[in-house]
Amino acid sequence: MTPNLTVAEAHKSKSWILVDAENVVLGRLASFVAMRLKGKHKPSFSPHLDLGDFVVVINADKVRLTGRKMEQKVFHWHTGHPGGVKEITPKRTLSSQHPERLIVRAVERMLKKDSPLARRQMTHLKVYAGKDHPHAAQNPKTIDFASMNPKNKRSA
């Protein structure tokens with residue numbers, strides 16, 4: 001049975017975690033981060049409450065994809081104009097100015113669609129391309145995601 005938590009009590013129970021994405025498989029990382037943002041790892045989980053943690057992901061530009069997805073996977077979207085179908089590959093996204101968008105979009109697709117709760121949970125995700133991040137004052141707990149399972153890490 002989930003205890004009746006107020007918004008203030010739910011916010012107090014949030015913690016900060018730091019995950020290094022260097023040589024980590026994208027899908028496995030995204031599902032782990034989505035679970036932490038939702039709060040499913042906590043015994044007080046309730047699907048209609050925002051009980052998840054704040055997640056900081058560093059080294060987003062060094063994330064890996066399995067197989068040949070780096071070149072063969074294509075993401076499509078439409079600009080709204082006639083003939084405005086655009087596409088991009090993960091390889092091009094990682095070599096662009098904003099490589100962190102690959103992780104953000106992967107996590108975003110694992111949360112509930114068109115939901116105010118999912119939009120609020122996504123604000124608790126902080127992704128950075130390099131090792132530096134401005135959240136040292138929050139004392140994030142470092143989680144070694146790569147060593148949790150041998151499948152989580154891929155070498156070049």
# chains A, B, ... in the order shown; residues from 1 in each chain; ligands from 1

call {"tool": "select_by_dssp", "arguments": {"residues": "segment 29-104 of chain A", "states": "helix (DSSP H, G or I)", "output": "PDB file with all heavy atoms, in the first residue's frame"}}
result
ATOM      1  N   LEU A  29      20.922   1.931 -21.057  1.00  0.00           N
ATOM      2  CA  LEU A  29      21.066   3.143 -20.253  1.00  0.00           C
ATOM      3  C   LEU A  29      19.738   3.898 -20.181  1.00  0.00           C
ATOM      4  O   LEU A  29      19.326   4.343 -19.111  1.00  0.00           O
ATOM      5  CB  LEU A  29      22.149   4.046 -20.843  1.00  0.00           C
ATOM      6  CG  LEU A  29      22.332   5.402 -20.173  1.00  0.00           C
ATOM      7  CD1 LEU A  29      22.883   5.230 -18.771  1.00  0.00           C
ATOM      8  CD2 LEU A  29      23.237   6.274 -21.001  1.00  0.00           C
ATOM      9  N   ALA A  30      19.062   4.017 -21.312  1.00  0.00           N
ATOM     10  CA  ALA A  30      17.797   4.762 -21.352  1.00  0.00           C
ATOM     11  C   ALA A  30      16.724   4.103 -20.493  1.00  0.00           C
ATOM     12  O   ALA A  30      15.970   4.797 -19.795  1.00  0.00           O
ATOM     13  CB  ALA A  30      17.315   4.893 -22.793  1.00  0.00           C
ATOM     14  N   SER A  31      16.652   2.773 -20.498  1.00  0.00           N
ATOM     15  CA  SER A  31      15.640   2.105 -19.679  1.00  0.00           C
ATOM     16  C   SER A  31      15.958   2.249 -18.192  1.00  0.00           C
ATOM     17  O   SER A  31      15.051   2.425 -17.370  1.00  0.00           O
ATOM     18  CB  SER A  31      15.515   0.635 -20.064  1.00  0.00           C
ATOM     19  OG  SER A  31      16.700  -0.055 -19.782  1.00  0.00           O
ATOM     20  N   PHE A  32      17.250   2.225 -17.828  1.00  0.00           N
ATOM     21  CA  PHE A  32      17.651   2.426 -16.434  1.00  0.00           C
ATOM     22  C   PHE A  32      17.303   3.837 -15.971  1.00  0.00           C
ATOM     23  O   PHE A  32      16.758   4.036 -14.880  1.00  0.00           O
ATOM     24  CB  PHE A  32      19.157   2.169 -16.295  1.00  0.00           C
ATOM     25  CG  PHE A  32      19.702   2.474 -14.936  1.00  0.00           C
ATOM     26  CD1 PHE A  32      19.529   1.596 -13.888  1.00  0.00           C
ATOM     27  CD2 PHE A  32      20.397   3.653 -14.704  1.00  0.00           C
ATOM     28  CE1 PHE A  32      20.043   1.877 -12.628  1.00  0.00           C
ATOM     29  CE2 PHE A  32      20.909   3.945 -13.462  1.00  0.00           C
ATOM     30  CZ  PHE A  32      20.726   3.054 -12.421  1.00  0.00           C
ATOM     31  N   VAL A  33      17.609   4.821 -16.804  1.00  0.00           N
ATOM     32  CA  VAL A  33      17.340   6.223 -16.457  1.00  0.00           C
ATOM     33  C   VAL A  33      15.833   6.468 -16.367  1.00  0.00           C
ATOM     34  O   VAL A  33      15.364   7.145 -15.453  1.00  0.00           O
ATOM     35  CB  VAL A  33      18.006   7.167 -17.477  1.00  0.00           C
ATOM     36  CG1 VAL A  33      17.541   8.592 -17.291  1.00  0.00           C
ATOM     37  CG2 VAL A  33      19.516   7.086 -17.354  1.00  0.00           C
ATOM     38  N   ALA A  34      15.056   5.901 -17.296  1.00  0.00           N
ATOM     39  CA  ALA A  34      13.601   6.083 -17.264  1.00  0.00           C
ATOM     40  C   ALA A  34      12.999   5.490 -15.996  1.00  0.00           C
ATOM     41  O   ALA A  34      12.099   6.084 -15.389  1.00  0.00           O
ATOM     42  CB  ALA A  34      12.972   5.446 -18.501  1.00  0.00           C
ATOM     43  N   MET A  35      13.508   4.335 -15.578  1.00  0.00           N
ATOM     44  CA  MET A  35      13.026   3.710 -14.346  1.00  0.00           C
ATOM     45  C   MET A  35      13.327   4.597 -13.136  1.00  0.00           C
ATOM     46  O   MET A  35      12.486   4.769 -12.252  1.00  0.00           O
ATOM     47  CB  MET A  35      13.679   2.349 -14.163  1.00  0.00           C
ATOM     48  CG  MET A  35      13.217   1.610 -12.925  1.00  0.00           C
ATOM     49  SD  MET A  35      14.188   0.154 -12.553  1.00  0.00           S
ATOM     50  CE  MET A  35      15.713   0.874 -11.992  1.00  0.00           C
ATOM     51  N   ARG A  36      14.521   5.199 -13.104  1.00  0.00           N
ATOM     52  CA  ARG A  36      14.893   6.084 -11.999  1.00  0.00           C
ATOM     53  C   ARG A  36      14.065   7.365 -12.007  1.00  0.00           C
ATOM     54  O   ARG A  36      13.708   7.885 -10.948  1.00  0.00           O
ATOM     55  CB  ARG A  36      16.378   6.436 -12.071  1.00  0.00           C
ATOM     56  CG  ARG A  36      17.283   5.305 -11.711  1.00  0.00           C
ATOM     57  CD  ARG A  36      17.072   4.946 -10.256  1.00  0.00           C
ATOM     58  NE  ARG A  36      17.950   3.874  -9.848  1.00  0.00           N
ATOM     59  CZ  ARG A  36      18.621   3.865  -8.713  1.00  0.00           C
ATOM     60  NH1 ARG A  36      18.519   4.857  -7.863  1.00  0.00           N
ATOM     61  NH2 ARG A  36      19.379   2.851  -8.404  1.00  0.00           N
ATOM     62  N   LEU A  37      13.769   7.908 -13.205  1.00  0.00           N
ATOM     63  CA  LEU A  37      12.962   9.131 -13.293  1.00  0.00           C
ATOM     64  C   LEU A  37      11.526   8.876 -12.833  1.00  0.00           C
ATOM     65  O   LEU A  37      10.904   9.727 -12.198  1.00  0.00           O
ATOM     66  CB  LEU A  37      12.951   9.660 -14.724  1.00  0.00           C
ATOM     67  CG  LEU A  37      14.251  10.283 -15.227  1.00  0.00           C
ATOM     68  CD1 LEU A  37      14.114  10.636 -16.697  1.00  0.00           C
ATOM     69  CD2 LEU A  37      14.628  11.498 -14.420  1.00  0.00           C
ATOM     70  N   LYS A  38      10.995   7.700 -13.145  1.00  0.00           N
ATOM     71  CA  LYS A  38       9.628   7.354 -12.732  1.00  0.00           C
ATOM     72  C   LYS A  38       9.538   7.052 -11.247  1.00  0.00           C
ATOM     73  O   LYS A  38       8.492   7.240 -10.634  1.00  0.00           O
ATOM     74  CB  LYS A  38       9.140   6.130 -13.498  1.00  0.00           C
ATOM     75  CG  LYS A  38       8.851   6.351 -14.937  1.00  0.00           C
ATOM     76  CD  LYS A  38       8.389   5.041 -15.550  1.00  0.00           C
ATOM     77  CE  LYS A  38       8.420   5.069 -17.041  1.00  0.00           C
ATOM     78  NZ  LYS A  38       8.061   3.771 -17.624  1.00  0.00           N
ATOM     79  N   ALA A  60      27.865  11.816 -22.630  1.00  0.00           N
ATOM     80  CA  ALA A  60      26.814  11.382 -23.548  1.00  0.00           C
ATOM     81  C   ALA A  60      27.333  11.212 -24.969  1.00  0.00           C
ATOM     82  O   ALA A  60      26.751  10.465 -25.758  1.00  0.00           O
ATOM     83  CB  ALA A  60      25.668  12.389 -23.542  1.00  0.00           C
ATOM     84  N   ASP A  61      28.422  11.867 -25.301  1.00  0.00           N
ATOM     85  CA  ASP A  61      28.971  11.749 -26.649  1.00  0.00           C
ATOM     86  C   ASP A  61      29.737  10.444 -26.857  1.00  0.00           C
ATOM     87  O   ASP A  61      30.114  10.124 -27.978  1.00  0.00           O
ATOM     88  CB  ASP A  61      29.875  12.936 -26.966  1.00  0.00           C
ATOM     89  CG  ASP A  61      30.969  13.141 -25.931  1.00  0.00           C
ATOM     90  OD1 ASP A  61      30.864  12.555 -24.829  1.00  0.00           O
ATOM     91  OD2 ASP A  61      31.916  13.882 -26.224  1.00  0.00           O
ATOM     92  N   LYS A  62      29.926   9.654 -25.795  1.00  0.00           N
ATOM     93  CA  LYS A  62      30.672   8.391 -25.897  1.00  0.00           C
ATOM     94  C   LYS A  62      29.769   7.172 -25.741  1.00  0.00           C
ATOM     95  O   LYS A  62      30.245   6.073 -25.474  1.00  0.00           O
ATOM     96  CB  LYS A  62      31.779   8.366 -24.855  1.00  0.00           C
ATOM     97  CG  LYS A  62      32.809   9.451 -25.082  1.00  0.00           C
ATOM     98  CD  LYS A  62      33.874   9.427 -24.035  1.00  0.00           C
ATOM     99  CE  LYS A  62      34.878  10.513 -24.334  1.00  0.00           C
ATOM    100  NZ  LYS A  62      35.094  11.403 -23.240  1.00  0.00           N
ATOM    101  N   LYS A  69      23.537  -0.311 -35.861  1.00  0.00           N
ATOM    102  CA  LYS A  69      22.515   0.725 -35.683  1.00  0.00           C
ATOM    103  C   LYS A  69      23.061   2.132 -35.847  1.00  0.00           C
ATOM    104  O   LYS A  69      22.325   3.039 -36.199  1.00  0.00           O
ATOM    105  CB  LYS A  69      21.863   0.604 -34.310  1.00  0.00           C
ATOM    106  CG  LYS A  69      21.030  -0.619 -34.140  1.00  0.00           C
ATOM    107  CD  LYS A  69      20.342  -0.586 -32.805  1.00  0.00           C
ATOM    108  CE  LYS A  69      19.897  -1.966 -32.435  1.00  0.00           C
ATOM    109  NZ  LYS A  69      20.465  -2.445 -31.209  1.00  0.00           N
ATOM    110  N   MET A  70      24.339   2.310 -35.574  1.00  0.00           N
ATOM    111  CA  MET A  70      24.947   3.642 -35.665  1.00  0.00           C
ATOM    112  C   MET A  70      24.775   4.223 -37.064  1.00  0.00           C
ATOM    113  O   MET A  70      24.506   5.410 -37.215  1.00  0.00           O
ATOM    114  CB  MET A  70      26.427   3.556 -35.295  1.00  0.00           C
ATOM    115  CG  MET A  70      27.051   4.885 -35.017  1.00  0.00           C
ATOM    116  SD  MET A  70      26.468   5.690 -33.532  1.00  0.00           S
ATOM    117  CE  MET A  70      27.557   4.994 -32.325  1.00  0.00           C
ATOM    118  N   GLU A  71      24.911   3.399 -38.106  1.00  0.00           N
ATOM    119  CA  GLU A  71      24.767   3.882 -39.486  1.00  0.00           C
ATOM    120  C   GLU A  71      23.396   3.560 -40.073  1.00  0.00           C
ATOM    121  O   GLU A  71      22.884   4.302 -40.901  1.00  0.00           O
ATOM    122  CB  GLU A  71      25.829   3.256 -40.396  1.00  0.00           C
ATOM    123  CG  GLU A  71      27.256   3.578 -40.014  1.00  0.00           C
ATOM    124  CD  GLU A  71      27.836   2.594 -39.012  1.00  0.00           C
ATOM    125  OE1 GLU A  71      27.288   1.481 -38.868  1.00  0.00           O
ATOM    126  OE2 GLU A  71      28.827   2.944 -38.367  1.00  0.00           O
ATOM    127  N   GLN A  72      22.796   2.422 -39.681  1.00  0.00           N
ATOM    128  CA  GLN A  72      21.584   1.956 -40.349  1.00  0.00           C
ATOM    129  C   GLN A  72      20.289   2.474 -39.739  1.00  0.00           C
ATOM    130  O   GLN A  72      19.289   2.586 -40.438  1.00  0.00           O
ATOM    131  CB  GLN A  72      21.558   0.429 -40.369  1.00  0.00           C
ATOM    132  CG  GLN A  72      22.598  -0.160 -41.285  1.00  0.00           C
ATOM    133  CD  GLN A  72      22.546  -1.673 -41.330  1.00  0.00           C
ATOM    134  OE1 GLN A  72      21.889  -2.298 -40.507  1.00  0.00           O
ATOM    135  NE2 GLN A  72      23.236  -2.254 -42.286  1.00  0.00           N
ATOM    136  N   PRO A  90      21.956   8.061 -35.784  1.00  0.00           N
ATOM    137  CA  PRO A  90      22.623   8.280 -34.496  1.00  0.00           C
ATOM    138  C   PRO A  90      24.073   8.735 -34.656  1.00  0.00           C
ATOM    139  O   PRO A  90      24.567   9.537 -33.864  1.00  0.00           O
ATOM    140  CB  PRO A  90      22.554   6.912 -33.826  1.00  0.00           C
ATOM    141  CG  PRO A  90      21.381   6.254 -34.434  1.00  0.00           C
ATOM    142  CD  PRO A  90      21.312   6.751 -35.845  1.00  0.00           C
ATOM    143  N   LYS A  91      24.753   8.248 -35.669  1.00  0.00           N
ATOM    144  CA  LYS A  91      26.152   8.647 -35.892  1.00  0.00           C
ATOM    145  C   LYS A  91      26.255  10.145 -36.152  1.00  0.00           C
ATOM    146  O   LYS A  91      27.120  10.833 -35.630  1.00  0.00           O
ATOM    147  CB  LYS A  91      26.729   7.868 -37.076  1.00  0.00           C
ATOM    148  CG  LYS A  91      28.184   8.111 -37.307  1.00  0.00           C
ATOM    149  CD  LYS A  91      28.703   7.213 -38.408  1.00  0.00           C
ATOM    150  CE  LYS A  91      30.208   7.289 -38.492  1.00  0.00           C
ATOM    151  NZ  LYS A  91      30.746   6.300 -39.424  1.00  0.00           N
ATOM    152  N   ARG A  92      25.322  10.661 -36.939  1.00  0.00           N
ATOM    153  CA  ARG A  92      25.329  12.092 -37.238  1.00  0.00           C
ATOM    154  C   ARG A  92      24.931  12.914 -36.016  1.00  0.00           C
ATOM    155  O   ARG A  92      25.453  14.007 -35.799  1.00  0.00           O
ATOM    156  CB  ARG A  92      24.376  12.369 -38.409  1.00  0.00           C
ATOM    157  CG  ARG A  92      24.676  13.665 -39.080  1.00  0.00           C
ATOM    158  CD  ARG A  92      24.053  13.760 -40.440  1.00  0.00           C
ATOM    159  NE  ARG A  92      23.569  15.124 -40.557  1.00  0.00           N
ATOM    160  CZ  ARG A  92      22.439  15.472 -41.111  1.00  0.00           C
ATOM    161  NH1 ARG A  92      21.658  14.576 -41.638  1.00  0.00           N
ATOM    162  NH2 ARG A  92      22.075  16.733 -41.159  1.00  0.00           N
ATOM    163  N   THR A  93      24.019  12.381 -35.201  1.00  0.00           N
ATOM    164  CA  THR A  93      23.615  13.074 -33.981  1.00  0.00           C
ATOM    165  C   THR A  93      24.784  13.167 -33.000  1.00  0.00           C
ATOM    166  O   THR A  93      25.012  14.214 -32.403  1.00  0.00           O
ATOM    167  CB  THR A  93      22.440  12.351 -33.306  1.00  0.00           C
ATOM    168  OG1 THR A  93      21.362  12.253 -34.226  1.00  0.00           O
ATOM    169  CG2 THR A  93      21.962  13.097 -32.079  1.00  0.00           C
ATOM    170  N   LEU A  94      25.533  12.072 -32.842  1.00  0.00           N
ATOM    171  CA  LEU A  94      26.660  12.076 -31.910  1.00  0.00           C
ATOM    172  C   LEU A  94      27.791  12.978 -32.367  1.00  0.00           C
ATOM    173  O   LEU A  94      28.536  13.511 -31.545  1.00  0.00           O
ATOM    174  CB  LEU A  94      27.186  10.653 -31.703  1.00  0.00           C
ATOM    175  CG  LEU A  94      26.309   9.757 -30.840  1.00  0.00           C
ATOM    176  CD1 LEU A  94      26.874   8.352 -30.801  1.00  0.00           C
ATOM    177  CD2 LEU A  94      26.173  10.314 -29.437  1.00  0.00           C
ATOM    178  N   ARG A 101      21.330  14.864 -27.188  1.00  0.00           N
ATOM    179  CA  ARG A 101      19.946  14.699 -27.635  1.00  0.00           C
ATOM    180  C   ARG A 101      19.592  13.241 -27.904  1.00  0.00           C
ATOM    181  O   ARG A 101      18.433  12.852 -27.799  1.00  0.00           O
ATOM    182  CB  ARG A 101      19.694  15.529 -28.894  1.00  0.00           C
ATOM    183  CG  ARG A 101      19.639  16.998 -28.607  1.00  0.00           C
ATOM    184  CD  ARG A 101      19.338  17.795 -29.849  1.00  0.00           C
ATOM    185  NE  ARG A 101      19.357  19.218 -29.548  1.00  0.00           N
ATOM    186  CZ  ARG A 101      19.406  20.154 -30.448  1.00  0.00           C
ATOM    187  NH1 ARG A 101      19.468  19.841 -31.734  1.00  0.00           N
ATOM    188  NH2 ARG A 101      19.406  21.430 -30.096  1.00  0.00           N
ATOM    189  N   LEU A 102      20.571  12.426 -28.250  1.00  0.00           N
ATOM    190  CA  LEU A 102      20.320  11.010 -28.504  1.00  0.00           C
ATOM    191  C   LEU A 102      19.826  10.324 -27.234  1.00  0.00           C
ATOM    192  O   LEU A 102      18.845   9.568 -27.267  1.00  0.00           O
ATOM    193  CB  LEU A 102      21.601  10.349 -29.018  1.00  0.00           C
ATOM    194  CG  LEU A 102      21.467   8.959 -29.601  1.00  0.00           C
ATOM    195  CD1 LEU A 102      20.586   8.979 -30.842  1.00  0.00           C
ATOM    196  CD2 LEU A 102      22.827   8.404 -29.949  1.00  0.00           C
ATOM    197  N   ILE A 103      20.457  10.594 -26.109  1.00  0.00           N
ATOM    198  CA  ILE A 103      20.034  10.003 -24.838  1.00  0.00           C
ATOM    199  C   ILE A 103      18.712  10.594 -24.377  1.00  0.00           C
ATOM    200  O   ILE A 103      17.831   9.876 -23.919  1.00  0.00           O
ATOM    201  CB  ILE A 103      21.126  10.196 -23.761  1.00  0.00           C
ATOM    202  CG1 ILE A 103      22.362   9.384 -24.139  1.00  0.00           C
ATOM    203  CG2 ILE A 103      20.619   9.799 -22.389  1.00  0.00           C
ATOM    204  CD1 ILE A 103      23.530   9.537 -23.206  1.00  0.00           C
ATOM    205  N   VAL A 104      18.558  11.899 -24.516  1.00  0.00           N
ATOM    206  CA  VAL A 104      17.318  12.553 -24.078  1.00  0.00           C
ATOM    207  C   VAL A 104      16.125  11.977 -24.825  1.00  0.00           C
ATOM    208  O   VAL A 104      15.096  11.635 -24.231  1.00  0.00           O
ATOM    209  CB  VAL A 104      17.401  14.085 -24.283  1.00  0.00           C
ATOM    210  CG1 VAL A 104      16.054  14.736 -24.068  1.00  0.00           C
ATOM    211  CG2 VAL A 104      18.438  14.673 -23.346  1.00  0.00           C
TER     212      VAL A 104
END

call {"tool": "residues_around", "arguments": {"residues": "Asn139 of chain A", "least_positions_apart": "5", "cutoff": "10 Å", "atoms": "only C-alpha atoms", "output": "VMD selection string"}}
result
chain A and resid 15 to 18

call {"tool": "select_by_dssp", "arguments": {"residues": "segment 47-148 of chain A", "states": "strand (DSSP E)", "output": "number ranges by chain"}}
result
A: 54-58, 75-78, 85-88, 125-127, 141-143

call {"tool": "write_last_selection", "arguments": {"atoms": "C-alpha atoms", "output": "mmCIF file, in the first residue's frame"}}
result
data_model
loop_
_atom_site.group_PDB
_atom_site.id
_atom_site.type_symbol
_atom_site.label_atom_id
_atom_site.label_comp_id
_atom_site.auth_asym_id
_atom_site.auth_seq_id
_atom_site.Cartn_x
_atom_site.Cartn_y
_atom_site.Cartn_z
ATOM 1 C CA PHE A 54 17.164 13.531 -10.415
ATOM 2 C CA VAL A 55 19.524 11.871 -12.912
ATOM 3 C CA VAL A 56 22.732 13.428 -14.262
ATOM 4 C CA VAL A 57 24.290 11.653 -17.260
ATOM 5 C CA ILE A 58 27.843 12.577 -18.289
ATOM 6 C CA PHE A 75 15.006 8.720 -37.138
ATOM 7 C CA HIS A 76 12.326 10.520 -39.193
ATOM 8 C CA TRP A 77 10.225 13.594 -38.398
ATOM 9 C CA HIS A 78 8.087 16.000 -40.373
ATOM 10 C CA VAL A 85 10.267 14.796 -44.052
ATOM 11 C CA LYS A 86 13.654 14.994 -42.346
ATOM 12 C CA GLU A 87 15.899 12.188 -41.160
ATOM 13 C CA ILE A 88 19.049 11.731 -39.091
ATOM 14 C CA LEU A 125 17.069 14.532 -16.401
ATOM 15 C CA LYS A 126 20.325 16.419 -16.956
ATOM 16 C CA VAL A 127 22.546 15.174 -19.804
ATOM 17 C CA LYS A 141 25.550 9.512 -5.777
ATOM 18 C CA THR A 142 27.654 7.888 -8.507
ATOM 19 C CA ILE A 143 26.191 4.698 -9.950
#

call {"tool": "closest_residue", "arguments": {"among": "A:Lys40, A:Lys131, A:Arg120, A:Arg105", "to": "Ala21 of chain A", "atoms": "only C-alpha atoms"}}
result
A:Lys131

call {"tool": "atom_distance", "arguments": {"atom1": "atom CA of Ser13 of chain A", "atom2": "atom CA of Lys42 of chain A"}}
result
9.9 Å

call {"tool": "residues_around", "arguments": {"residues": "Asp144 of chain A", "least_positions_apart": "4", "cutoff": "9 Å", "atoms": "only C-alpha atoms", "output": "PyMOL selection string"}}
result
chain A and resi 18-20+148

call {"tool": "atom_distance", "arguments": {"atom1": "atom CA of Gln121 of chain A", "atom2": "atom CA of Ala136 of chain A"}}
result
20.5 Å

call {"tool": "atom_distance", "arguments": {"atom1": "atom CA of Gly27 of chain A", "atom2": "atom CA of Ala129 of chain A"}}
result
17.2 Å

call {"tool": "closest_residue", "arguments": {"among": "A:Pro116, A:Tyr128, A:His41, A:Ala137", "to": "Glu22 of chain A", "atoms": "only C-alpha atoms"}}
result
A:Tyr128
